[in-house]
Amino acid sequence: MKVLVTGTAGFIGSNVAIRLLERGDEVIGIDNLNDYYDVELKKARLARVSDNPRYTHSAADLADRAAIEAVFATHKPQRVINLAAQAGVRYAAKNPHVYVSSNVTGFLHILEGCRHHSVEHLVFASTSSVYGANLAMPFSEHQSAEHPLTLYAATKKANEQMAHAYAHLYGIPSTGLRFFTVYGPWGRPDMALFLFTKAIIAGEPIKVFNHGRHKRSFTYIDDIVEGVIRTLDEVPGKDPDWRGDQPDPATSGVAPYRLYNIGNERPVELLRYIQVLEQCLGREAKMEMLPLQAGDVPDTEADVSDLIAGVGYKPRVSVEEGVAAFVEWYRDFYRVNP
């Protein structure tokens, strides 16, 4: 089928595009190659798909209404995977308008494209950050997520609510995926694994927040991509058991709509994550122990039982395997000697 994927120069988007092309789909990619982080890395990711005859690229910005309308009108995708966004939790404190422009206004343009061109299914990226002040572990889609602690999380919560409204008003089947911490080859330079690897190789100290005691549902990129593709193929409907007097946030009785957590069920303590990285690099990290950052939560743990039941998703890659694969890629890409 013909699939529009936004953020195809990004970490997750580029890998999703590759997987779709490998199975024979046609992909229309959107990415404006902004300079939030290394543009050369983004270009290198894009180079992995740009030569495929079933890939078409648009350098449009999601916030550019006319450009997004033109992409939909020209290519008429059957399904859409929206992965483009202004990323980074703490960057929002300095550049709040960029987040609203990309993550809210940009998402509206995607919804409008789906509405006017009869898109069969919209899959969109949300985040585990929406759980915010909720401390009930493991995080479940059926729990409240009404207290985000960062603007980034708030924009993603807004996406969930906007998608539900459009699913109800215009019958656009929509599935939101709350991503937990994603890592692996071709990852983002602003993420911990990338920062830690670069610093350890250079013999520089790494900043370890919360003294390394918090846990994260670290999820390897291949497991994430598998979940995204399986979700794309499973179009949601209305939940016949949904009740308005006891509303379930994860489903809907008035719209073809679904929310899923996507992540690893086995959270890993940050200090263990660093230990695995030290073993893979063959070097010891110099650690600067710091308190928890503002906006961060102490722990994340994903309940993915619904995604397992709904699409057969099952994360398979251990942290030991995943970190080793990342280090191998990093050494090769940046030509770093062992």
# chains A, B, ... in the order shown; residues from 1 in each chain; ligands from 1

$ residues_around --residues "segment 102-112 of chain A" --least-positions-apart "6" --cutoff "7 Å" --atoms "only C-alpha atoms" --output "count of residues only"
8

$ residues_around --residues "segment 184-201 of chain A" --least-positions-apart "2" --cutoff "7 Å" --atoms "only C-alpha atoms" --output "JSON, numbers by chain"
{"A": [11, 37, 203, 204, 205, 206, 220, 221, 285, 322, 323, 325, 326, 329]}

$ write_last_selection --atoms "N, CA, C and O atoms" --output "compact mmCIF listing (two decimals), in the first residue's frame"
# COMPACT_ATOMS: atom_id res chain seq x y z
N PHE A 11 15.15 9.19 13.76
CA PHE A 11 15.59 7.89 14.27
C PHE A 11 14.55 6.80 13.99
O PHE A 11 14.82 5.80 13.30
N TYR A 37 19.39 18.81 15.93
CA TYR A 37 20.66 18.10 16.12
C TYR A 37 21.29 17.84 14.76
O TYR A 37 20.74 18.24 13.73
N GLY A 203 36.98 10.17 27.19
CA GLY A 203 37.53 10.24 28.53
C GLY A 203 36.95 11.36 29.37
O GLY A 203 37.55 11.79 30.36
N GLU A 204 35.77 11.83 28.98
CA GLU A 204 35.10 12.92 29.69
C GLU A 204 34.03 12.37 30.64
O GLU A 204 33.50 11.28 30.42
N PRO A 205 33.70 13.11 31.70
CA PRO A 205 32.68 12.63 32.64
C PRO A 205 31.28 12.68 32.03
O PRO A 205 31.00 13.49 31.15
N ILE A 206 30.43 11.78 32.49
CA ILE A 206 29.03 11.79 32.06
C ILE A 206 28.16 12.28 33.22
O ILE A 206 28.47 12.03 34.39
N TYR A 220 14.62 -1.38 22.29
CA TYR A 220 15.48 -1.39 21.12
C TYR A 220 14.69 -1.02 19.87
O TYR A 220 13.52 -1.37 19.70
N ILE A 221 15.32 -0.30 18.96
CA ILE A 221 14.67 0.26 17.79
C ILE A 221 13.94 -0.80 16.95
O ILE A 221 12.83 -0.57 16.46
N ALA A 285 33.41 4.51 32.89
CA ALA A 285 32.85 5.85 32.83
C ALA A 285 33.23 6.66 34.06
O ALA A 285 33.27 6.14 35.17
N GLY A 322 21.22 -4.91 22.64
CA GLY A 322 20.93 -3.63 22.01
C GLY A 322 22.05 -2.62 22.14
O GLY A 322 22.40 -1.92 21.18
N VAL A 323 22.63 -2.51 23.35
CA VAL A 323 23.72 -1.56 23.56
C VAL A 323 24.95 -1.98 22.74
O VAL A 323 25.64 -1.14 22.16
N ALA A 325 24.94 -3.54 19.89
CA ALA A 325 24.67 -3.19 18.49
C ALA A 325 24.87 -1.70 18.26
O ALA A 325 25.39 -1.28 17.23
N PHE A 326 24.45 -0.88 19.23
CA PHE A 326 24.64 0.56 19.10
C PHE A 326 26.11 0.91 19.08
O PHE A 326 26.55 1.71 18.24
N TRP A 329 27.66 0.11 15.78
CA TRP A 329 27.28 1.12 14.77
C TRP A 329 28.03 2.42 15.00
O TRP A 329 28.53 3.03 14.04

$ atom_distance --atom1 "atom CA of Leu292 of chain A" --atom2 "atom CA of Ser129 of chain A"
15.1 Å

$ residues_around --residues "Asn15 of chain A" --least-positions-apart "5" --cutoff "9 Å" --atoms "only C-alpha atoms" --output "PyMOL selection string"
chain A and resi 8+10+20+45+186+221-222+225

$ write_last_selection --atoms "N, CA, C and O atoms" --output "compact mmCIF listing (two decimals), in the first residue's frame"
# COMPACT_ATOMS: atom_id res chain seq x y z
N THR A 8 10.99 11.05 8.25
CA THR A 8 11.77 9.94 7.68
C THR A 8 13.28 10.15 7.77
O THR A 8 14.05 9.24 7.45
N GLY A 10 14.39 11.03 10.71
CA GLY A 10 14.53 10.83 12.14
C GLY A 10 14.90 9.41 12.50
O GLY A 10 14.93 8.52 11.64
N LEU A 20 8.98 -0.69 5.79
CA LEU A 20 7.85 -0.66 4.86
C LEU A 20 8.31 -0.94 3.43
O LEU A 20 7.67 -1.69 2.68
N ARG A 45 20.80 9.06 7.44
CA ARG A 45 19.64 8.18 7.61
C ARG A 45 18.79 8.18 6.34
O ARG A 45 18.35 7.13 5.86
N TRP A 186 21.76 4.40 14.82
CA TRP A 186 21.17 5.55 14.15
C TRP A 186 20.33 6.41 15.09
O TRP A 186 19.49 7.20 14.66
N ILE A 221 15.32 -0.30 18.96
CA ILE A 221 14.67 0.26 17.79
C ILE A 221 13.94 -0.80 16.95
O ILE A 221 12.83 -0.57 16.46
N ASP A 222 14.53 -1.98 16.76
CA ASP A 222 13.88 -3.01 15.94
C ASP A 222 12.56 -3.46 16.56
O ASP A 222 11.60 -3.76 15.84
N VAL A 225 10.00 -0.67 15.82
CA VAL A 225 9.56 -0.69 14.42
C VAL A 225 8.57 -1.83 14.19
O VAL A 225 7.54 -1.64 13.52

$ atom_distance --atom1 "atom CA of His168 of chain A" --atom2 "atom CA of His116 of chain A"
14.7 Å

$ closest_residue --among "A:Met1, A:Val39, A:Met137, A:Val100" --to "Pro77 of chain A" --atoms "only C-alpha atoms"
A:Met1

$ closest_residue --among "A:Ala250, A:Ala59, A:Cys280, A:Val16" --to "Ser174 of chain A" --atoms "only C-alpha atoms"
A:Ala250

$ closest_residue --among "A:Arg48, A:Arg23, A:Arg178, A:His57" --to "Ile262 of chain A" --atoms "only C-alpha atoms"
A:Arg178

$ closest_residue --among "A:Gly132, A:Pro256, A:Gly29, A:Gly282" --to "Ala165 of chain A" --atoms "only C-alpha atoms"
A:Pro256

$ select_by_dssp --residues "segment 77-298 of chain A" --states "helix (DSSP H, G or I)" --output "count of residues only"
87

$ select_by_dssp --residues "segment 118-317 of chain A" --states "strand (DSSP E)" --output "VMD selection string"
chain A and resid 121 to 127 174 to 179 182 to 183 206 to 209 215 to 216 219 to 220 257 to 262 268 to 269 287 to 290

$ write_last_selection --atoms "N, CA and C atoms" --output "compact mmCIF listing (two decimals), in the first residue's frame"
# COMPACT_ATOMS: atom_id res chain seq x y z
N HIS A 121 -6.20 4.78 7.86
CA HIS A 121 -5.71 4.60 9.23
C HIS A 121 -4.58 5.59 9.48
N LEU A 122 -4.68 6.30 10.58
CA LEU A 122 -3.62 7.20 11.04
C LEU A 122 -2.99 6.60 12.29
N VAL A 123 -1.68 6.37 12.24
CA VAL A 123 -0.90 5.96 13.42
C VAL A 123 -0.01 7.14 13.78
N PHE A 124 -0.04 7.55 15.04
CA PHE A 124 0.73 8.73 15.41
C PHE A 124 1.52 8.49 16.69
N ALA A 125 2.65 9.19 16.79
CA ALA A 125 3.54 9.04 17.94
C ALA A 125 3.06 9.89 19.10
N SER A 126 2.88 9.25 20.24
CA SER A 126 2.72 9.96 21.50
C SER A 126 3.95 9.61 22.35
N THR A 127 3.86 9.69 23.65
CA THR A 127 5.03 9.47 24.49
C THR A 127 4.64 9.01 25.88
N SER A 174 -7.84 5.98 14.12
CA SER A 174 -6.58 6.54 14.62
C SER A 174 -6.03 5.72 15.78
N THR A 175 -4.72 5.51 15.76
CA THR A 175 -4.05 4.78 16.83
C THR A 175 -2.85 5.59 17.31
N GLY A 176 -2.82 5.89 18.61
CA GLY A 176 -1.69 6.59 19.20
C GLY A 176 -0.77 5.62 19.91
N LEU A 177 0.53 5.80 19.73
CA LEU A 177 1.53 4.94 20.36
C LEU A 177 2.35 5.75 21.35
N ARG A 178 2.27 5.37 22.61
CA ARG A 178 3.04 6.05 23.65
C ARG A 178 4.41 5.37 23.75
N PHE A 179 5.40 5.96 23.09
CA PHE A 179 6.75 5.40 23.06
C PHE A 179 7.43 5.56 24.41
N VAL A 182 13.49 4.86 23.54
CA VAL A 182 13.94 4.10 22.38
C VAL A 182 15.44 4.33 22.17
N TYR A 183 16.17 3.26 21.87
CA TYR A 183 17.62 3.39 21.65
C TYR A 183 18.05 2.40 20.58
N ILE A 206 30.43 11.78 32.49
CA ILE A 206 29.03 11.79 32.06
C ILE A 206 28.16 12.28 33.22
N LYS A 207 27.09 12.98 32.89
CA LYS A 207 26.16 13.46 33.91
C LYS A 207 25.12 12.38 34.19
N VAL A 208 25.10 11.91 35.42
CA VAL A 208 24.19 10.84 35.81
C VAL A 208 23.16 11.41 36.77
N PHE A 209 21.97 11.67 36.25
CA PHE A 209 20.93 12.30 37.06
C PHE A 209 20.25 11.29 37.97
N LYS A 215 14.72 4.08 36.85
CA LYS A 215 14.59 2.99 35.89
C LYS A 215 13.83 3.48 34.65
N ARG A 216 14.17 2.89 33.52
CA ARG A 216 13.51 3.21 32.27
C ARG A 216 13.20 1.92 31.50
N THR A 219 13.91 0.46 25.13
CA THR A 219 13.35 -0.39 24.09
C THR A 219 14.16 -0.26 22.81
N TYR A 220 14.62 -1.38 22.29
CA TYR A 220 15.48 -1.39 21.12
C TYR A 220 14.69 -1.02 19.87
N TYR A 257 -10.81 4.43 17.53
CA TYR A 257 -9.66 5.07 18.18
C TYR A 257 -9.05 4.12 19.20
N ARG A 258 -7.70 4.15 19.29
CA ARG A 258 -7.01 3.29 20.26
C ARG A 258 -5.70 3.94 20.68
N LEU A 259 -5.36 3.78 21.96
CA LEU A 259 -4.05 4.17 22.48
C LEU A 259 -3.33 2.94 22.97
N TYR A 260 -2.03 2.86 22.66
CA TYR A 260 -1.20 1.74 23.13
C TYR A 260 0.11 2.27 23.72
N ASN A 261 0.57 1.63 24.78
CA ASN A 261 1.96 1.76 25.18
C ASN A 261 2.80 0.91 24.25
N ILE A 262 3.99 1.37 23.92
CA ILE A 262 4.92 0.54 23.16
C ILE A 262 6.30 0.69 23.79
N VAL A 268 15.04 -1.13 33.26
CA VAL A 268 16.44 -1.31 33.65
C VAL A 268 16.90 -0.06 34.37
N GLU A 269 17.61 -0.24 35.49
CA GLU A 269 18.15 0.90 36.22
C GLU A 269 19.25 1.56 35.39
N MET A 287 31.72 9.30 36.32
CA MET A 287 30.33 9.71 36.54
C MET A 287 30.21 10.92 37.47
N GLU A 288 29.48 11.92 37.00
CA GLU A 288 29.15 13.08 37.81
C GLU A 288 27.71 12.90 38.31
N MET A 289 27.57 12.54 39.58
CA MET A 289 26.25 12.24 40.14
C MET A 289 25.48 13.52 40.44
N LEU A 290 24.24 13.58 39.92
CA LEU A 290 23.42 14.78 40.04
C LEU A 290 22.00 14.41 40.46

$ closest_residue --among "A:Leu21, A:Val276, A:Ile12, A:Val98" --to "Tyr36 of chain A" --atoms "only C-alpha atoms"
A:Val98

$ residues_around --residues "Tyr313 of chain A" --least-positions-apart "5" --cutoff "9 Å" --atoms "only C-alpha atoms" --output "list in words"
Asp223, Glu226, Gly227, Arg230, Thr231, Ile262, Val304, Ser305, Leu307 and Ile308 of chain A

$ residues_around --residues "Ala255 of chain A" --least-positions-apart "4" --cutoff "10 Å" --atoms "only C-alpha atoms" --output "number ranges by chain"
A: 163-174, 236-239, 251

$ write_last_selection --atoms "N, CA, C and O atoms" --output "PDB file, in the first residue's frame"
ATOM      1  N   ALA A 163      -6.717  13.711  17.861  1.00  0.00           N
ATOM      2  CA  ALA A 163      -6.969  12.535  17.027  1.00  0.00           C
ATOM      3  C   ALA A 163      -8.309  11.901  17.371  1.00  0.00           C
ATOM      4  O   ALA A 163      -9.050  11.462  16.477  1.00  0.00           O
ATOM      5  N   HIS A 164      -8.637  11.849  18.672  1.00  0.00           N
ATOM      6  CA  HIS A 164      -9.934  11.297  19.063  1.00  0.00           C
ATOM      7  C   HIS A 164     -11.073  12.140  18.508  1.00  0.00           C
ATOM      8  O   HIS A 164     -12.083  11.615  17.998  1.00  0.00           O
ATOM      9  N   ALA A 165     -10.954  13.460  18.596  1.00  0.00           N
ATOM     10  CA  ALA A 165     -11.998  14.343  18.074  1.00  0.00           C
ATOM     11  C   ALA A 165     -12.206  14.135  16.575  1.00  0.00           C
ATOM     12  O   ALA A 165     -13.354  14.050  16.099  1.00  0.00           O
ATOM     13  N   TYR A 166     -11.118  14.026  15.814  1.00  0.00           N
ATOM     14  CA  TYR A 166     -11.229  13.819  14.369  1.00  0.00           C
ATOM     15  C   TYR A 166     -11.754  12.423  14.044  1.00  0.00           C
ATOM     16  O   TYR A 166     -12.504  12.236  13.072  1.00  0.00           O
ATOM     17  N   ALA A 167     -11.363  11.425  14.844  1.00  0.00           N
ATOM     18  CA  ALA A 167     -11.891  10.078  14.641  1.00  0.00           C
ATOM     19  C   ALA A 167     -13.406  10.070  14.838  1.00  0.00           C
ATOM     20  O   ALA A 167     -14.147   9.405  14.105  1.00  0.00           O
ATOM     21  N   HIS A 168     -13.864  10.824  15.841  1.00  0.00           N
ATOM     22  CA  HIS A 168     -15.307  10.900  16.111  1.00  0.00           C
ATOM     23  C   HIS A 168     -16.047  11.708  15.048  1.00  0.00           C
ATOM     24  O   HIS A 168     -17.083  11.276  14.524  1.00  0.00           O
ATOM     25  N   LEU A 169     -15.528  12.866  14.715  1.00  0.00           N
ATOM     26  CA  LEU A 169     -16.228  13.761  13.798  1.00  0.00           C
ATOM     27  C   LEU A 169     -16.210  13.284  12.351  1.00  0.00           C
ATOM     28  O   LEU A 169     -17.191  13.433  11.624  1.00  0.00           O
ATOM     29  N   TYR A 170     -15.068  12.694  11.937  1.00  0.00           N
ATOM     30  CA  TYR A 170     -14.889  12.386  10.518  1.00  0.00           C
ATOM     31  C   TYR A 170     -14.611  10.911  10.248  1.00  0.00           C
ATOM     32  O   TYR A 170     -14.363  10.534   9.099  1.00  0.00           O
ATOM     33  N   GLY A 171     -14.664  10.082  11.276  1.00  0.00           N
ATOM     34  CA  GLY A 171     -14.501   8.639  11.084  1.00  0.00           C
ATOM     35  C   GLY A 171     -13.108   8.204  10.666  1.00  0.00           C
ATOM     36  O   GLY A 171     -12.954   7.177   9.997  1.00  0.00           O
ATOM     37  N   ILE A 172     -12.079   8.976  11.048  1.00  0.00           N
ATOM     38  CA  ILE A 172     -10.698   8.611  10.699  1.00  0.00           C
ATOM     39  C   ILE A 172     -10.164   7.625  11.742  1.00  0.00           C
ATOM     40  O   ILE A 172      -9.903   8.020  12.889  1.00  0.00           O
ATOM     41  N   PRO A 173      -9.993   6.352  11.418  1.00  0.00           N
ATOM     42  CA  PRO A 173      -9.437   5.407  12.392  1.00  0.00           C
ATOM     43  C   PRO A 173      -8.038   5.858  12.820  1.00  0.00           C
ATOM     44  O   PRO A 173      -7.175   6.097  11.974  1.00  0.00           O
ATOM     45  N   SER A 174      -7.838   5.984  14.117  1.00  0.00           N
ATOM     46  CA  SER A 174      -6.577   6.544  14.620  1.00  0.00           C
ATOM     47  C   SER A 174      -6.035   5.724  15.782  1.00  0.00           C
ATOM     48  O   SER A 174      -6.793   5.333  16.678  1.00  0.00           O
ATOM     49  N   PRO A 236      -8.228   0.224  14.007  1.00  0.00           N
ATOM     50  CA  PRO A 236      -9.124   0.159  15.161  1.00  0.00           C
ATOM     51  C   PRO A 236     -10.578   0.467  14.798  1.00  0.00           C
ATOM     52  O   PRO A 236     -10.859   1.125  13.791  1.00  0.00           O
ATOM     53  N   GLY A 237     -11.468  -0.028  15.632  1.00  0.00           N
ATOM     54  CA  GLY A 237     -12.878   0.311  15.503  1.00  0.00           C
ATOM     55  C   GLY A 237     -13.383   0.880  16.812  1.00  0.00           C
ATOM     56  O   GLY A 237     -12.603   1.124  17.738  1.00  0.00           O
ATOM     57  N   LYS A 238     -14.671   1.092  16.921  1.00  0.00           N
ATOM     58  CA  LYS A 238     -15.252   1.552  18.177  1.00  0.00           C
ATOM     59  C   LYS A 238     -15.300   0.386  19.172  1.00  0.00           C
ATOM     60  O   LYS A 238     -15.491  -0.761  18.786  1.00  0.00           O
ATOM     61  N   ASP A 239     -15.112   0.690  20.443  1.00  0.00           N
ATOM     62  CA  ASP A 239     -15.138  -0.315  21.495  1.00  0.00           C
ATOM     63  C   ASP A 239     -16.592  -0.525  21.946  1.00  0.00           C
ATOM     64  O   ASP A 239     -17.182   0.378  22.548  1.00  0.00           O
ATOM     65  N   THR A 251      -9.555   3.531  24.855  1.00  0.00           N
ATOM     66  CA  THR A 251     -10.434   3.168  23.748  1.00  0.00           C
ATOM     67  C   THR A 251     -11.546   4.203  23.642  1.00  0.00           C
ATOM     68  O   THR A 251     -11.564   5.198  24.349  1.00  0.00           O
TER      69      THR A 251
END

$ closest_residue --among "A:Val319, A:Phe139, A:Glu26, A:Ser14" --to "Lys76 of chain A" --atoms "only C-alpha atoms"
A:Glu26

$ residues_around --residues "Asn32 of chain A" --least-positions-apart "4" --cutoff "10 Å" --atoms "only C-alpha atoms" --output "list in words"
Thr6, Gly7, Thr8, Ala9, Ser58, Ala59, Ala60, Asp61, Leu62 and Ala84 of chain A

$ write_last_selection --atoms "N, CA, C and O atoms" --output "compact mmCIF listing (two decimals), in the first residue's frame"
# COMPACT_ATOMS: atom_id res chain seq x y z
N THR A 6 5.87 10.63 8.20
CA THR A 6 6.52 11.90 8.52
C THR A 6 7.71 11.65 9.44
O THR A 6 7.69 10.73 10.26
N GLY A 7 8.76 12.45 9.27
CA GLY A 7 9.96 12.28 10.09
C GLY A 7 10.87 11.19 9.57
O GLY A 7 11.52 10.49 10.35
N THR A 8 10.99 11.05 8.25
CA THR A 8 11.77 9.94 7.68
C THR A 8 13.28 10.15 7.77
O THR A 8 14.05 9.24 7.45
N ALA A 9 13.73 11.33 8.18
CA ALA A 9 15.16 11.52 8.46
C ALA A 9 15.43 11.34 9.95
O ALA A 9 16.57 11.48 10.40
N SER A 58 9.58 14.46 0.44
CA SER A 58 9.17 15.87 0.44
C SER A 58 9.86 16.57 1.59
O SER A 58 9.85 16.07 2.72
N ALA A 59 10.45 17.73 1.33
CA ALA A 59 11.14 18.49 2.37
C ALA A 59 10.19 19.45 3.08
O ALA A 59 10.62 20.45 3.65
N ALA A 60 8.91 19.14 3.07
CA ALA A 60 7.91 20.02 3.68
C ALA A 60 8.05 20.09 5.19
O ALA A 60 8.52 19.16 5.83
N ASP A 61 7.59 21.21 5.74
CA ASP A 61 7.50 21.40 7.19
C ASP A 61 6.06 21.15 7.59
O ASP A 61 5.13 21.66 6.96
N LEU A 62 5.85 20.37 8.64
CA LEU A 62 4.48 20.08 9.06
C LEU A 62 3.68 21.34 9.35
O LEU A 62 2.45 21.35 9.20
N ALA A 84 6.99 12.65 12.88
CA ALA A 84 7.71 13.93 12.93
C ALA A 84 7.21 14.75 14.12
O ALA A 84 6.02 14.80 14.40

$ residues_around --residues "Glu301 of chain A" --least-positions-apart "6" --cutoff "6 Å" --atoms "only C-alpha atoms" --output "PyMOL selection string"
chain A and resi 138-139+217+267
